[in-house]
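Asker: After the structure tokens below, expect a handful of questions from me.
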Amino acid sequence: MILVRLLTQTVLLALGQMWSNKVRTFLTTLGIIIAVVAVVITVAAMVGLKQFVLDQFATIGANKVWIFPRRPPEARERFSFRQIRLTVEQVDGLLANCPSLMRLTPIMQLNPTVQAGERVRQGVLVQGIRPEWHEIEQRFVTQGRPFMRIDEDERRQVCLVNDKGIEELGLDTDPTGDFVLIEGRRFLIVGVVETKSLSPMFGGDEALTEIYIPFATGLMMRPEPGMYVVAQTHTPEMFDDAKAEVRFFMRRVRGLEPEDPDTFGVESIEQARSQFGTIAAAMTGAVGGLVGISLLVGGIGIMNIMLVSVSERTREIGLRKAVGARPEVVLLQFLVEAVTLCLVGGGIGLGIGQTLVLAMRMSGADAVKGAEIPAWAVVLAIGFSAGTGVIFGMFPAVKAARLDPIDALRHE
């Protein structure tokens with residue numbers, strides 16, 4: 001109880017000293033204010049940027065896995081494209097031999113000439129897919145019907161188009177039932193698939209004309225196509241298991257020796273998310289180190305002004321000691337004053353930082369619209385402020401506590 005009363009009186013005394021020297025107090029705490037504002041803005045901006053990137057990842061799908069041919073960099077001349085390309089047999093074997101995979105679809109890409117009525121377009125993006133593609137890519141039809149298993153089994157010449165395709169090919173608003181010519185073959189449009197553009201950060205751009213045909217039908221047009229596989233694992237956490245299963249199966253069917261490098265790649269969005277999280281943490285740590293320099297400068301200012309305060313109040317200290325004040329009480333008084341000074345600076349910094357973060361969010365920039373100050377950052381800022389007061393206020397406080405009362409009373 002006595003300690004609480006002593007602390008309260010000391011804090012009130014410190015606030016009184018600060019109020020009587022407002023300009024000096026402001027200039028002294030300026031370093032702390034700048035450091036706390038820098039901490040708050042940096043952390044808030046990183047939180048907003050991280051959320052923005054994670055949202056972009058989420059649009060792709062957290063449990064998607066890509067399997068693709070890859071020529072190993074250490075043996076580029078050793079393997080031809082024919083040796084590294086995926087085959088239909090390998091693709092069909094993946095689902096049976098990799099229990100972590102829930103569904104998959106091979107994707108082959110053609111860039112043929114497409115004709116609709118009198119309109120002819122060169123190099124249109126035409127992709128061969130299986131019906132599972134709709135679930136994996138979360139892209140469904142807005143008109144007509146999606147691909148069905150019978151389209152694949154019977155190698156039907158049917159296709160899906162997107163909105164951009166309707167516009168560029170001059171098709172009817174509802175084109176289902178119309179025909180287009182793809183490399184001279186007549187395809188029936190059975191549905192309109194929704195357009196889903198990738199974010200620019202993943203290489204996405206303005207929506208293009210897209211036409212989709214059954215994968216088996218595409219094989220008739222390209223008997224040995226280049227293809228890759230998009231698969232889904234049962235949960236995002238199963239990527240490591242899926243990668244191990246795919247690697248075991250692919251190396252076995254390709255007859256690779258233990259010393260041979262992989263001639264295929266397996267990647268997931270979860271892997272990229274994890275890598276981004278590591279990079280974001282490293283960036284936050286690096287920026288935090290730079291902000292620590294501001295705290296050091298602010299702390300030196302605090303130490304300087306406290307030494308001045310001890311010098312100005314030497315006679316007061318001598319008088320207190322002469323009437324019985326113990327050294328530890330004098331030390332506590334100046335230490336509390338230093339911490340109070342830093343906490344006031346930290347509080348002002350938090351207020352300014354919060355205002356700037358709100359302005360950042362209102363700026364409309366996508367990358368920082370989710371910026372916010374997490375609770376741990378507030379605790380960190382206050383902790384840093386208090387710690388700075390303790391560290392840099394200790395020396396002046398010890399100096400005041402060790403003053404000889406007789407010498408102090410003689411001080412002019």
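Ordering of the structure tokens sets the chain letters (A, B, ...); residue numbers start at 1 within each chain; ligands are numbered from 1 in the order shown.
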Give me, as a PyMOL selection string, all polymer residues having an atom no more than 9 Å from region 17-25 of chain A, counting only C-alpha atoms and skipping those fewer than 5 positions away in the same chain.
Answerer: chain A and resi 12+30+305+337+341+345
Asker: Give me the residues near Gly292 (chain A) as a ChimeraX atom specification, where near means some atom within 10 Å (using only C-alpha atoms) and where sequence neighbours in that chain fewer than 5 positions away do not count.
Answerer: /A:35-36,38-39,286-287,297-298,384
Asker: Just to be explicit: take each residue in the selection above, keep all heavy atoms, and write the result as a PDB file, in the first residue's frame.
Answerer:
```pdb
ATOM      1  N   ALA A  35       9.628   6.822 -32.998  1.00  0.00           N
ATOM      2  CA  ALA A  35       9.877   5.380 -33.007  1.00  0.00           C
ATOM      3  C   ALA A  35       8.573   4.599 -32.898  1.00  0.00           C
ATOM      4  O   ALA A  35       8.351   3.631 -33.627  1.00  0.00           O
ATOM      5  CB  ALA A  35      10.810   5.018 -31.855  1.00  0.00           C
ATOM      6  N   VAL A  36       7.676   5.019 -31.984  1.00  0.00           N
ATOM      7  CA  VAL A  36       6.413   4.298 -31.817  1.00  0.00           C
ATOM      8  C   VAL A  36       5.541   4.438 -33.056  1.00  0.00           C
ATOM      9  O   VAL A  36       4.908   3.475 -33.502  1.00  0.00           O
ATOM     10  CB  VAL A  36       5.677   4.814 -30.558  1.00  0.00           C
ATOM     11  CG1 VAL A  36       4.270   4.235 -30.484  1.00  0.00           C
ATOM     12  CG2 VAL A  36       6.467   4.439 -29.305  1.00  0.00           C
ATOM     13  N   ALA A  38       6.598   4.810 -36.057  1.00  0.00           N
ATOM     14  CA  ALA A  38       7.208   3.941 -37.073  1.00  0.00           C
ATOM     15  C   ALA A  38       6.845   2.483 -36.827  1.00  0.00           C
ATOM     16  O   ALA A  38       6.516   1.744 -37.771  1.00  0.00           O
ATOM     17  CB  ALA A  38       8.729   4.126 -37.062  1.00  0.00           C
ATOM     18  N   VAL A  39       6.886   2.055 -35.563  1.00  0.00           N
ATOM     19  CA  VAL A  39       6.524   0.666 -35.239  1.00  0.00           C
ATOM     20  C   VAL A  39       5.081   0.388 -35.632  1.00  0.00           C
ATOM     21  O   VAL A  39       4.769  -0.606 -36.305  1.00  0.00           O
ATOM     22  CB  VAL A  39       6.722   0.396 -33.729  1.00  0.00           C
ATOM     23  CG1 VAL A  39       6.094  -0.943 -33.340  1.00  0.00           C
ATOM     24  CG2 VAL A  39       8.199   0.377 -33.365  1.00  0.00           C
ATOM     25  N   ALA A 286      13.283  -7.167 -39.961  1.00  0.00           N
ATOM     26  CA  ALA A 286      14.288  -6.225 -40.458  1.00  0.00           C
ATOM     27  C   ALA A 286      13.865  -4.782 -40.215  1.00  0.00           C
ATOM     28  O   ALA A 286      14.659  -3.944 -39.757  1.00  0.00           O
ATOM     29  CB  ALA A 286      14.514  -6.458 -41.952  1.00  0.00           C
ATOM     30  N   VAL A 287      12.588  -4.508 -40.510  1.00  0.00           N
ATOM     31  CA  VAL A 287      12.092  -3.147 -40.276  1.00  0.00           C
ATOM     32  C   VAL A 287      12.093  -2.836 -38.784  1.00  0.00           C
ATOM     33  O   VAL A 287      12.415  -1.722 -38.363  1.00  0.00           O
ATOM     34  CB  VAL A 287      10.672  -2.991 -40.869  1.00  0.00           C
ATOM     35  CG1 VAL A 287      10.105  -1.629 -40.514  1.00  0.00           C
ATOM     36  CG2 VAL A 287      10.730  -3.145 -42.385  1.00  0.00           C
ATOM     37  N   VAL A 297      17.931   6.422 -30.281  1.00  0.00           N
ATOM     38  CA  VAL A 297      18.102   7.877 -30.303  1.00  0.00           C
ATOM     39  C   VAL A 297      17.174   8.531 -29.285  1.00  0.00           C
ATOM     40  O   VAL A 297      17.576   9.434 -28.525  1.00  0.00           O
ATOM     41  CB  VAL A 297      17.823   8.423 -31.722  1.00  0.00           C
ATOM     42  CG1 VAL A 297      17.848   9.938 -31.725  1.00  0.00           C
ATOM     43  CG2 VAL A 297      18.829   7.857 -32.711  1.00  0.00           C
ATOM     44  N   GLY A 298      15.914   8.063 -29.247  1.00  0.00           N
ATOM     45  CA  GLY A 298      14.974   8.609 -28.274  1.00  0.00           C
ATOM     46  C   GLY A 298      15.431   8.351 -26.851  1.00  0.00           C
ATOM     47  O   GLY A 298      15.296   9.215 -25.979  1.00  0.00           O
ATOM     48  N   PHE A 384       8.177  -1.348 -25.308  1.00  0.00           N
ATOM     49  CA  PHE A 384       9.422  -0.715 -25.764  1.00  0.00           C
ATOM     50  C   PHE A 384       9.608   0.649 -25.087  1.00  0.00           C
ATOM     51  O   PHE A 384      10.703   1.011 -24.665  1.00  0.00           O
ATOM     52  CB  PHE A 384       9.415  -0.523 -27.273  1.00  0.00           C
ATOM     53  CG  PHE A 384      10.020  -1.681 -28.006  1.00  0.00           C
ATOM     54  CD1 PHE A 384       9.452  -2.147 -29.189  1.00  0.00           C
ATOM     55  CD2 PHE A 384      11.166  -2.314 -27.533  1.00  0.00           C
ATOM     56  CE1 PHE A 384      10.002  -3.219 -29.862  1.00  0.00           C
ATOM     57  CE2 PHE A 384      11.729  -3.388 -28.200  1.00  0.00           C
ATOM     58  CZ  PHE A 384      11.139  -3.843 -29.369  1.00  0.00           C
TER      59      PHE A 384
END
```
Asker: Excluding same-chain residues fewer than 3 positions from region 164-175 of chain A, what lies within 8 Å of it counting only C-alpha atoms, as a PyMOL selection string?
Answerer: chain A and resi 115-116+119-121+143+161+178+189+191-192+195+207-211
Asker: Leaving out Gly299 (chain A) and any residue of its chain fewer than 5 positions from it, which residues lie within 8 Å of it when counting only C-alpha atoms, given as number ranges by chain?
Answerer: A: 31-32, 388-389, 391-392
Asker: Write out, as a CSV table (one decimal), in the first residue's frame, the residues just selected, with all heavy atoms.
Answerer:
```
chain,number,residue,atom,x,y,z
A,31,GLY,N,11.8,11.6,-30.0
A,31,GLY,CA,12.4,10.4,-30.5
A,31,GLY,C,11.5,9.2,-30.2
A,31,GLY,O,11.4,8.3,-31.1
A,32,ILE,N,11.0,9.1,-29.0
A,32,ILE,CA,10.1,8.0,-28.7
A,32,ILE,C,8.8,8.0,-29.5
A,32,ILE,O,8.4,7.0,-30.0
A,32,ILE,CB,9.7,8.1,-27.2
A,32,ILE,CG1,11.0,8.1,-26.3
A,32,ILE,CG2,8.8,6.9,-26.8
A,32,ILE,CD1,11.8,6.8,-26.4
A,388,THR,N,12.6,1.4,-22.6
A,388,THR,CA,13.5,2.5,-22.9
A,388,THR,C,13.7,3.4,-21.7
A,388,THR,O,14.8,3.9,-21.4
A,388,THR,CB,13.0,3.4,-24.1
A,388,THR,OG1,12.9,2.5,-25.2
A,388,THR,CG2,14.0,4.5,-24.5
A,389,GLY,N,12.5,3.7,-21.0
A,389,GLY,CA,12.6,4.5,-19.8
A,389,GLY,C,13.5,3.9,-18.7
A,389,GLY,O,14.3,4.6,-18.1
A,391,ILE,N,15.9,1.5,-19.1
A,391,ILE,CA,17.3,1.4,-19.5
A,391,ILE,C,18.0,2.7,-19.5
A,391,ILE,O,19.1,2.8,-18.9
A,391,ILE,CB,17.3,0.7,-20.9
A,391,ILE,CG1,16.8,-0.7,-20.8
A,391,ILE,CG2,18.8,0.8,-21.4
A,391,ILE,CD1,16.7,-1.3,-22.2
A,392,PHE,N,17.4,3.7,-20.1
A,392,PHE,CA,18.1,5.0,-20.2
A,392,PHE,C,17.9,5.9,-19.0
A,392,PHE,O,18.5,7.0,-18.9
A,392,PHE,CB,17.7,5.7,-21.5
A,392,PHE,CG,18.2,5.0,-22.7
A,392,PHE,CD1,17.4,4.0,-23.4
A,392,PHE,CD2,19.5,5.3,-23.2
A,392,PHE,CE1,17.9,3.4,-24.5
A,392,PHE,CE2,20.0,4.6,-24.3
A,392,PHE,CZ,19.2,3.7,-25.0
```
Asker: Hey, what does DSSP flag as strand (DSSP E) within region 20-102 of chain A? Can you give it to me as number ranges by chain?
Answerer: A: 64-69, 101-102
Asker: Keeping only C-alpha atoms, write the selected residues to a file as a compact mmCIF listing (two decimals), in the first residue's frame.
Answerer:
```
# COMPACT_ATOMS: atom_id res chain seq x y z
CA LYS A 64 -4.65 -27.10 -55.12
CA VAL A 65 -1.57 -28.91 -56.38
CA TRP A 66 0.12 -28.51 -59.72
CA ILE A 67 2.08 -31.36 -61.32
CA PHE A 68 4.01 -30.47 -64.43
CA PRO A 69 6.92 -31.64 -66.59
CA LEU A 101 -5.30 -36.46 -53.91
CA MET A 102 -9.07 -36.01 -53.98
```
Asker: Select from region 125-370 of chain A everything DSSP, run on the backbone, classes as alpha helix (DSSP H), then give the selection as a ChimeraX atom specification.
Answerer: /A:133-137,149-153,163-169,215-221,239-253,269-312,314-322,327-362
Asker: What does the structure give for the distance between CA of Ile136 (chain A) and CA of Pro106 (chain A), in Å to one decimal?
Answerer: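 For CA of Ile136 (chain A) relative to CA of Pro106 (chain A), the distance reads 11.3 Å.
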Asker: Tell me which of A:Pro72, A:Phe52, A:Pro405, A:Arg145 sits closest to Gly324 (chain A), counting only C-alpha atoms.
Answerer: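 Going through A:Pro72, A:Phe52, A:Pro405, A:Arg145 one by one, the smallest distance to Gly324 (chain A) is for A:Pro405.
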Asker: Rank A:Leu86, A:Ala14, A:Ala44, A:Ile348 by their smallest atom-to-atom distance to Lys369 (chain A), using only C-alpha atoms, and report the top residue only.
Answerer: A:Ala44
Asker: Between A:Arg402, A:Gly48, A:Leu335, A:Gln56, which is the closest to Leu358 (chain A) once you count only C-alpha atoms?
Answerer: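 Among the listed residues, the smallest separation from Leu358 (chain A) belongs to A:Gly48.
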Asker: Near region 252-257 of chain A, counting only C-alpha atoms, which residues have an atom at most 9 Å away, once you skip same-chain residues fewer than 5 positions from it, shown as a list in words?
Answerer: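 Returned residues: Gln83, Ile84, Gln90, Arg247, Asp262 and Thr263 of chain A.
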Asker: Go ahead and save the picked residues with C-alpha atoms, as a PDB file, in the first residue's frame.
Answerer:
```pdb
ATOM      1  CA  GLN A  83      11.062 -37.912 -71.866  1.00  0.00           C
ATOM      2  CA  ILE A  84       9.775 -35.357 -69.363  1.00  0.00           C
ATOM      3  CA  GLN A  90       0.819 -41.338 -65.842  1.00  0.00           C
ATOM      4  CA  ARG A 247       7.139 -38.196 -56.351  1.00  0.00           C
ATOM      5  CA  ASP A 262      13.169 -35.442 -60.783  1.00  0.00           C
ATOM      6  CA  THR A 263      11.893 -34.794 -64.284  1.00  0.00           C
TER       7      THR A 263
END
```
Asker: Quick one: pull the distance between CA of Ala281 (chain A) and CA of Leu350 (chain A), Å, one decimal.
Answerer: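 Spanning CA of Ala281 (chain A) to CA of Leu350 (chain A) is a straight-line distance of 21.9 Å.
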Asker: Quick one: residues within 12 Å of Val88 (chain A), only C-alpha atoms, excluding same-chain residues fewer than 5 positions away - as a ChimeraX atom specification?
Answerer: /A:93-95,105-108,215-216,219,223-229
Asker: Provide the CA of Gly128 (chain A) to CA of Gly218 (chain A) distance in Å, to one decimal place.
Answerer: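 Those two atoms sit 5.5 Å apart.
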Asker: Between A:Ala371, A:Phe276, A:Met250, A:Gly346, which is the closest to Glu89 (chain A) once you count only C-alpha atoms?
Answerer: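 For Glu89 (chain A), the nearest of the candidates is A:Met250.
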Asker: Give me, as a list in words, all polymer residues having an atom no more than 7 Å from Val114 (chain A), counting only C-alpha atoms and skipping those fewer than 5 positions away in the same chain.
Answerer: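 Non-adjacent residues within range: Val120, Arg121, Gln122, Val124, Val180, Leu181, Ile182 and Glu183 of chain A.
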Asker: Just to be explicit: take each residue in the selection above, keep N, CA and C atoms, and write the result as a PDB file, in the first residue's frame.
Answerer:
```
ATOM      1  N   VAL A 120     -13.334 -14.850 -87.707  1.00  0.00           N
ATOM      2  CA  VAL A 120     -12.236 -15.813 -87.561  1.00  0.00           C
ATOM      3  C   VAL A 120     -11.210 -15.209 -86.602  1.00  0.00           C
ATOM      4  N   ARG A 121     -10.828 -15.976 -85.610  1.00  0.00           N
ATOM      5  CA  ARG A 121      -9.824 -15.525 -84.646  1.00  0.00           C
ATOM      6  C   ARG A 121      -8.670 -16.530 -84.617  1.00  0.00           C
ATOM      7  N   GLN A 122      -7.464 -15.965 -84.709  1.00  0.00           N
ATOM      8  CA  GLN A 122      -6.261 -16.806 -84.679  1.00  0.00           C
ATOM      9  C   GLN A 122      -5.750 -16.942 -83.250  1.00  0.00           C
ATOM     10  N   VAL A 124      -6.603 -18.538 -80.527  1.00  0.00           N
ATOM     11  CA  VAL A 124      -7.515 -18.465 -79.380  1.00  0.00           C
ATOM     12  C   VAL A 124      -7.113 -19.521 -78.341  1.00  0.00           C
ATOM     13  N   VAL A 180     -19.254 -23.570 -83.287  1.00  0.00           N
ATOM     14  CA  VAL A 180     -18.032 -22.862 -83.690  1.00  0.00           C
ATOM     15  C   VAL A 180     -17.109 -23.894 -84.331  1.00  0.00           C
ATOM     16  N   LEU A 181     -16.227 -23.404 -85.185  1.00  0.00           N
ATOM     17  CA  LEU A 181     -15.258 -24.283 -85.837  1.00  0.00           C
ATOM     18  C   LEU A 181     -13.906 -24.096 -85.158  1.00  0.00           C
ATOM     19  N   ILE A 182     -13.362 -25.187 -84.651  1.00  0.00           N
ATOM     20  CA  ILE A 182     -12.042 -25.159 -84.026  1.00  0.00           C
ATOM     21  C   ILE A 182     -11.142 -26.053 -84.864  1.00  0.00           C
ATOM     22  N   GLU A 183     -10.180 -25.434 -85.511  1.00  0.00           N
ATOM     23  CA  GLU A 183      -9.312 -26.140 -86.479  1.00  0.00           C
ATOM     24  C   GLU A 183     -10.155 -26.909 -87.496  1.00  0.00           C
TER      25      GLU A 183
END
```
